[in-house]
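To keep things clear, I will list the structure first and then write my remarks on it.
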Amino acid sequence: MQMKTHSIAVIAGDGIGPEVVAEGLGVLRAAADQFGFGLDLVEYPFSTNHWLKTEDIFPDEAFETVKGMDAILLGAIGDPRAPIGLMERGIIGRLRWDLDLWVNLRPIKLLDERFCPLKGKGPSDVDMLVVRENTEDAYVQKPEFENEGTEQEVASQAMRYTYKGTERIIRYAFERAMERPRKHLTLIDKANAVRAQSLYTRIFAALSEEFPEVETAHLYVDAACMRMIENPGSIDVAVTTNLFGDIITDLGAMLQGGMGVAASANLRPGSVSLFEAVHGSFPEAAGKDIANPLATINAVTMMLGYLGEQAAADAVEGAVAELLTTGRIRSLAVGEHGTQEIGRMVIEAMAVQAS
Ligand code: IPM
Ligand code: MN
């Protein structure tokens, strides 16, 4: 049988990006060996360093090549030497928006009680799937500044939602809810204050008729933050706007053990999609072998599932779960384990499980 080969663009990026991506790639290669698929990895240098040297952020030619690949693995983008947002918007933003990666899927799953900052909460309390809209909202609107730099300044950037963008993300969330045992979906918005978001409320109500098996709930985003702390177990799948999804998934990341483990998939189902940690570039930790690569490794798990390598995805997920639940990974705090040490531990645990 011809071996299946997946073409993957790798953008390690800034700060700790290169270190955590190196470990993610180590795990990906180990999975390819173990499960018998091929990898065609194309590594791109795009980062703040590269921009400082060449003035290139993400050249069109490279962007066109990436479009034809199967997946993208991204480390992290962001560096204080570049103007705020320039690199983030030019690399992460461009990939999300120009490739129309309309789903940002962010699982929040606690594997062991000792990683949760909430007293008395364990794995059965924290198992959510946040479906964040990824192509609309204030993120993609032009910032406007009138009378800039004066006391008469007016700055604005609209929260704008389309029927098409809203319908597809809510439908996607209903479909994900259908696949989970609880079949429960919560809409998170702020339609009481931002009336434009009543588009979410209306489409959610209409689609709930199409998915009668899914039990639905609604929370305003402020109450959702409260609920995620007070009773996280009441949330199964949640769907929300781009900006609110950004905010609540940092909160959610803490519930599952922090930025060291939170992963995300930016999907355009059926097309090239992007996998990355939820965390940023953490420049202070760069080059010190102290950043936790598990978030990137978990993103690799999501990528493997997306590429149809479910057995490999299960193996990586199983290895990580074993290390976390048996206490071999003692803590997720920065510096508790080395970056490379964790990468090695995951690969070893995969080999042990296979034997
Ligand atoms: C994220 C990040 C990005 C976002 C930044 C880097 C633009 O915080 O992926 O959550 O706001 O979406
Ligand atoms: Mn964020």
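Numbering starts fresh at 1 for the residues of each chain in the structure tokens, the chains themselves are lettered A, B, ... in the order given, and ligands are numbered from 1 as they appear.
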
message = Taking 5 positions as the minimum chain separation for residues in the same chain, which residues sit within 6 Å of region 66-71 of chain A when counting only C-alpha atoms? Answer as a ChimeraX atom specification.
response = /A:7-8,272-274

task = Could you pull out the residues sitting within 9 Å of ligand 2, using only C-alpha atoms and all ligand atoms, and write them as a ChimeraX atom specification?
result = /A:243,245-250,278-280

key: Residue set, region 19-231 of chain A restricted to strand (DSSP E), as number ranges by chain   = A: 38-44, 71-76, 103-109, 127-133, 144-146, 154-156, 184-189, 215-220

request  = Could you tell me which of A:Asp40, A:Asp236, A:Glu276, A:Glu317 comes closest to ligand 1 if we count only C-alpha atoms and all ligand atoms?
outcome  = A:Glu276

task = Find the residues near ligand 1. Use a cut-off of 10 Å, count only C-alpha atoms and all ligand atoms, and write them as a PyMOL selection string.
result = chain A and resi 76-78+84-93+96+104+106+132+134+139+242-250+263-266+276-281

request  = Counting only C-alpha atoms, figure out which residue out of A:Lys121, A:Phe35, A:Ala238, A:Glu55 gets nearest to Glu133 (chain A).
outcome  = A:Ala238

Counting only C-alpha atoms, what is within 10 Å of Thr135 (chain A), bar same-chain residues fewer than 4 positions away, as a tab-separated table (two decimals) with all heavy atoms, in the first residue's frame?
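part19.tsv written:
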```tsv
chain	number	residue	atom	x	y	z
A	93	GLY	N	-3.26	36.51	12.00
A	93	GLY	CA	-4.48	37.11	11.42
A	93	GLY	C	-4.61	36.77	9.95
A	93	GLY	O	-5.65	36.33	9.49
A	96	ARG	N	-5.67	33.18	9.50
A	96	ARG	CA	-7.07	32.95	9.89
A	96	ARG	C	-8.05	33.56	8.89
A	96	ARG	O	-9.03	32.93	8.51
A	96	ARG	CB	-7.33	33.55	11.28
A	96	ARG	CG	-6.69	32.76	12.40
A	96	ARG	CD	-7.00	33.43	13.74
A	96	ARG	NE	-6.33	32.73	14.83
A	96	ARG	CZ	-6.26	33.20	16.07
A	96	ARG	NH1	-6.82	34.37	16.39
A	96	ARG	NH2	-5.65	32.51	17.01
A	97	TRP	N	-7.76	34.79	8.49
A	97	TRP	CA	-8.75	35.53	7.69
A	97	TRP	C	-8.62	35.22	6.21
A	97	TRP	O	-9.61	34.99	5.53
A	97	TRP	CB	-8.64	37.03	7.97
A	97	TRP	CG	-8.67	37.33	9.45
A	97	TRP	CD1	-9.40	36.65	10.39
A	97	TRP	CD2	-7.93	38.32	10.17
A	97	TRP	NE1	-9.16	37.17	11.64
A	97	TRP	CE2	-8.27	38.20	11.53
A	97	TRP	CE3	-7.03	39.32	9.79
A	97	TRP	CZ2	-7.72	39.02	12.53
A	97	TRP	CZ3	-6.49	40.14	10.77
A	97	TRP	CH2	-6.84	39.99	12.13
A	98	ASP	N	-7.39	35.22	5.69
A	98	ASP	CA	-7.24	35.03	4.24
A	98	ASP	C	-7.43	33.56	3.84
A	98	ASP	O	-7.73	33.28	2.68
A	98	ASP	CB	-5.88	35.56	3.75
A	98	ASP	CG	-5.80	37.08	3.88
A	98	ASP	OD1	-6.78	37.69	4.38
A	98	ASP	OD2	-4.77	37.67	3.50
A	99	LEU	N	-7.25	32.64	4.78
A	99	LEU	CA	-7.56	31.24	4.47
A	99	LEU	C	-8.99	30.91	4.91
A	99	LEU	O	-9.43	29.77	4.80
A	99	LEU	CB	-6.58	30.28	5.15
A	99	LEU	CG	-5.12	30.36	4.71
A	99	LEU	CD1	-4.26	29.41	5.54
A	99	LEU	CD2	-4.99	30.03	3.23
A	100	ASP	N	-9.69	31.91	5.44
A	100	ASP	CA	-11.06	31.73	5.90
A	100	ASP	C	-11.17	30.53	6.86
A	100	ASP	O	-12.04	29.67	6.72
A	100	ASP	CB	-12.01	31.54	4.69
A	100	ASP	CG	-13.48	31.75	5.09
A	100	ASP	OD1	-13.74	32.45	6.08
A	100	ASP	OD2	-14.35	31.18	4.39
A	101	LEU	N	-10.30	30.52	7.86
A	101	LEU	CA	-10.33	29.46	8.89
A	101	LEU	C	-11.39	29.87	9.91
A	101	LEU	O	-11.09	30.50	10.92
A	101	LEU	CB	-8.95	29.33	9.55
A	101	LEU	CG	-7.77	29.15	8.59
A	101	LEU	CD1	-6.45	29.10	9.36
A	101	LEU	CD2	-7.94	27.88	7.76
A	102	TRP	N	-12.61	29.53	9.62
A	102	TRP	CA	-13.72	30.16	10.34
A	102	TRP	C	-14.03	29.56	11.71
A	102	TRP	O	-14.80	30.13	12.48
A	102	TRP	CB	-14.96	30.23	9.47
A	102	TRP	CG	-15.36	28.97	8.79
A	102	TRP	CD1	-14.89	28.50	7.60
A	102	TRP	CD2	-16.33	28.01	9.23
A	102	TRP	NE1	-15.51	27.31	7.27
A	102	TRP	CE2	-16.39	26.99	8.25
A	102	TRP	CE3	-17.16	27.91	10.35
A	102	TRP	CZ2	-17.25	25.89	8.36
A	102	TRP	CZ3	-18.02	26.83	10.46
A	102	TRP	CH2	-18.05	25.82	9.48
A	103	VAL	N	-13.46	28.41	12.01
A	103	VAL	CA	-13.68	27.80	13.33
A	103	VAL	C	-12.42	27.92	14.17
A	103	VAL	O	-11.34	27.55	13.72
A	103	VAL	CB	-13.96	26.29	13.23
A	103	VAL	CG1	-14.25	25.70	14.61
A	103	VAL	CG2	-15.07	25.99	12.25
A	104	ASN	N	-12.54	28.40	15.39
A	104	ASN	CA	-11.43	28.28	16.32
A	104	ASN	C	-11.90	27.38	17.46
A	104	ASN	O	-12.72	27.77	18.29
A	104	ASN	CB	-10.97	29.64	16.83
A	104	ASN	CG	-9.61	29.57	17.51
A	104	ASN	OD1	-9.29	28.56	18.15
A	104	ASN	ND2	-8.83	30.60	17.38
A	139	TYR	N	-12.10	42.18	15.30
A	139	TYR	CA	-10.78	41.76	14.83
A	139	TYR	C	-10.50	42.14	13.37
A	139	TYR	O	-9.36	42.45	13.03
A	139	TYR	CB	-10.65	40.23	14.92
A	139	TYR	CG	-10.15	39.72	16.25
A	139	TYR	CD1	-11.00	39.62	17.34
A	139	TYR	CD2	-8.82	39.34	16.42
A	139	TYR	CE1	-10.56	39.14	18.55
A	139	TYR	CE2	-8.36	38.86	17.63
A	139	TYR	CZ	-9.23	38.76	18.69
A	139	TYR	OH	-8.78	38.30	19.89
A	140	VAL	N	-11.52	42.03	12.51
A	140	VAL	CA	-11.26	42.23	11.09
A	140	VAL	C	-11.76	43.59	10.59
A	140	VAL	O	-11.80	43.84	9.39
A	140	VAL	CB	-11.87	41.09	10.23
A	140	VAL	CG1	-11.25	39.76	10.63
A	140	VAL	CG2	-13.38	41.02	10.37
A	161	TYR	N	-21.01	41.44	12.43
A	161	TYR	CA	-21.30	40.01	12.26
A	161	TYR	C	-22.17	39.82	11.03
A	161	TYR	O	-23.10	40.58	10.81
A	161	TYR	CB	-22.04	39.46	13.50
A	161	TYR	CG	-21.36	39.88	14.79
A	161	TYR	CD1	-21.85	40.96	15.54
A	161	TYR	CD2	-20.21	39.23	15.21
A	161	TYR	CE1	-21.19	41.37	16.69
A	161	TYR	CE2	-19.54	39.64	16.37
A	161	TYR	CZ	-20.05	40.71	17.10
A	161	TYR	OH	-19.40	41.12	18.23
A	165	GLY	N	-21.46	34.17	8.42
A	165	GLY	CA	-20.42	33.84	9.40
A	165	GLY	C	-21.00	33.31	10.70
A	165	GLY	O	-20.42	32.41	11.34
A	166	THR	N	-22.14	33.85	11.09
A	166	THR	CA	-22.76	33.45	12.35
A	166	THR	C	-23.43	32.09	12.21
A	166	THR	O	-23.29	31.23	13.08
A	166	THR	CB	-23.78	34.53	12.77
A	166	THR	OG1	-23.12	35.80	12.77
A	166	THR	CG2	-24.34	34.25	14.15
A	241	THR	N	-18.63	34.58	19.97
A	241	THR	CA	-18.01	35.47	18.98
A	241	THR	C	-16.48	35.41	19.10
A	241	THR	O	-15.94	34.91	20.09
A	241	THR	CB	-18.45	36.91	19.23
A	241	THR	OG1	-18.05	37.27	20.55
A	241	THR	CG2	-19.97	37.08	19.11
A	242	ASN	N	-15.83	35.99	18.13
A	242	ASN	CA	-14.37	35.96	18.07
A	242	ASN	C	-13.74	36.59	19.31
A	242	ASN	O	-12.93	35.96	20.01
A	242	ASN	CB	-13.95	36.71	16.79
A	242	ASN	CG	-12.53	36.41	16.37
A	242	ASN	OD1	-11.74	35.85	17.12
A	242	ASN	ND2	-12.18	36.78	15.15
```

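Minimum atom-to-atom distances from A:Val27, A:Ile290, A:Ala206, A:Leu324 to Ile170 (chain A) were compared using only C-alpha atoms, and the lowest value belongs to A:Ala206.
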
Select from region 31-66 of chain A every residue with an atom at most 12 Å from any atom of region 338-348 of chain A, then for each give the shortest pair of atoms and their distance in Å to one decimal, using only C-alpha atoms, rows by chain and rising number, as JSON lines.
```
{"residue": "A:Ala31", "atom": "CA", "partner": "A:Ile347", "partner_atom": "CA", "distance": 8.4}
{"residue": "A:Ala32", "atom": "CA", "partner": "A:Ile347", "partner_atom": "CA", "distance": 11.6}
{"residue": "A:Asp33", "atom": "CA", "partner": "A:Ile347", "partner_atom": "CA", "distance": 11.2}
{"residue": "A:Gln34", "atom": "CA", "partner": "A:Ile347", "partner_atom": "CA", "distance": 10.4}
```

How would the residues just chosen look if you wrote them out with N, CA, C and O atoms as a PDB file, in the first residue's frame?
```pdb
ATOM      1  N   ALA A  31       5.124   9.891  15.892  1.00  0.00           N
ATOM      2  CA  ALA A  31       3.803   9.351  15.539  1.00  0.00           C
ATOM      3  C   ALA A  31       3.817   8.823  14.102  1.00  0.00           C
ATOM      4  O   ALA A  31       3.248   7.769  13.814  1.00  0.00           O
ATOM      5  N   ALA A  32       4.502   9.561  13.214  1.00  0.00           N
ATOM      6  CA  ALA A  32       4.571   9.130  11.809  1.00  0.00           C
ATOM      7  C   ALA A  32       5.290   7.788  11.690  1.00  0.00           C
ATOM      8  O   ALA A  32       4.845   6.893  10.969  1.00  0.00           O
ATOM      9  N   ASP A  33       6.387   7.642  12.452  1.00  0.00           N
ATOM     10  CA  ASP A  33       7.127   6.360  12.427  1.00  0.00           C
ATOM     11  C   ASP A  33       6.261   5.237  12.965  1.00  0.00           C
ATOM     12  O   ASP A  33       6.181   4.158  12.392  1.00  0.00           O
ATOM     13  N   GLN A  34       5.625   5.525  14.091  1.00  0.00           N
ATOM     14  CA  GLN A  34       4.855   4.478  14.757  1.00  0.00           C
ATOM     15  C   GLN A  34       3.620   4.054  13.958  1.00  0.00           C
ATOM     16  O   GLN A  34       3.256   2.895  13.948  1.00  0.00           O
TER      17      GLN A  34
END
```

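Between CA of Thr162 (chain A) and CA of Asp189 (chain A) lies a distance of 14.9 Å.
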
query = In Å, how far is it from CA of Glu113 (chain A) to CA of Leu185 (chain A)?
reply =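 CA of Glu113 (chain A) sits 24.4 Å away from CA of Leu185 (chain A).
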
note = Residue with the minimum atom-to-atom distance to Leu95 (chain A), picked from A:Ala155, A:Leu267, A:Ala295, A:Leu129 with only C-alpha atoms counted, is A:Leu267

request  = Give me every alpha helix (DSSP H) residue in region 277-332 of chain A, going by DSSP on the backbone, as a PyMOL selection string.
outcome  = chain A and resi 294-306+310-325

inquiry  = Quick check, in Å to one decimal: how far apart do CA of Met226 (chain A) and CA of Leu251 (chain A) lie?
reply    =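 Between CA of Met226 (chain A) and CA of Leu251 (chain A) the gap works out to 10.3 Å.
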
message = Considering only C-alpha atoms, can you say which of A:Tyr220, A:Pro80, A:Val154, A:Tyr44 comes closest to Phe63 (chain A)?
response = A:Tyr44

query = With distances taken over only C-alpha atoms, which of A:Glu209, A:Glu284, A:Glu230, A:Asp314 is nearest to Gly120 (chain A)?
reply = A:Glu230

key: Gly15 (chain A) surroundings by only C-alpha atoms, 6 Å radius, close-in-sequence under 3 positions cut, as a count of residues only   = 4

As a compact mmCIF listing (two decimals) with N, CA and C atoms, in the first residue's frame, please: the residues near Pro232 (chain A) (cut-off 8 Å, only C-alpha atoms, same-chain neighbours under 3 positions excluded).
```
# COMPACT_ATOMS: atom_id res chain seq x y z
N ASP A 125 -15.54 17.92 36.33
CA ASP A 125 -16.12 19.26 36.36
C ASP A 125 -15.67 20.13 35.19
N VAL A 126 -14.54 19.79 34.61
CA VAL A 126 -13.98 20.68 33.57
C VAL A 126 -13.74 19.88 32.30
N ARG A 227 -19.71 31.76 35.71
CA ARG A 227 -20.12 30.36 35.69
C ARG A 227 -18.94 29.41 35.49
N MET A 228 -18.00 29.81 34.66
CA MET A 228 -16.84 28.94 34.41
C MET A 228 -16.04 28.68 35.67
N ILE A 229 -16.12 29.62 36.62
CA ILE A 229 -15.43 29.45 37.90
C ILE A 229 -16.33 28.73 38.90
N ILE A 235 -21.11 23.66 31.75
CA ILE A 235 -20.85 23.99 30.34
C ILE A 235 -20.23 22.79 29.63
```

ask   = Within 6 Å of Ala177 (chain A), counting only C-alpha atoms, which residues qualify if same-chain residues fewer than 4 places away don't, as a list in words?
value = Lys183, His184 and Val237 of chain A

Dump all heavy atoms for the selected residues as a tab-separated table (two decimals), in the first residue's frame?
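Here's the written file result_14.tsv:
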```
chain	number	residue	atom	x	y	z
A	183	LYS	N	-24.59	16.29	24.78
A	183	LYS	CA	-25.37	17.02	23.77
A	183	LYS	C	-25.95	18.32	24.33
A	183	LYS	O	-27.15	18.55	24.30
A	183	LYS	CB	-26.50	16.15	23.22
A	183	LYS	CG	-26.03	14.90	22.49
A	183	LYS	CD	-27.19	14.24	21.77
A	183	LYS	CE	-26.78	13.07	20.91
A	183	LYS	NZ	-25.69	12.22	21.40
A	184	HIS	N	-25.06	19.14	24.85
A	184	HIS	CA	-25.49	20.38	25.49
A	184	HIS	C	-24.71	21.54	24.89
A	184	HIS	O	-23.48	21.47	24.78
A	184	HIS	CB	-25.24	20.28	27.00
A	184	HIS	CG	-25.82	21.41	27.78
A	184	HIS	ND1	-25.22	22.65	27.84
A	184	HIS	CD2	-26.95	21.50	28.51
A	184	HIS	CE1	-25.97	23.45	28.59
A	184	HIS	NE2	-27.02	22.79	29.01
A	237	VAL	N	-20.49	22.15	25.41
A	237	VAL	CA	-19.98	22.88	24.26
A	237	VAL	C	-20.48	24.32	24.39
A	237	VAL	O	-21.62	24.54	24.82
A	237	VAL	CB	-20.48	22.26	22.93
A	237	VAL	CG1	-19.92	23.01	21.73
A	237	VAL	CG2	-20.08	20.78	22.85
```
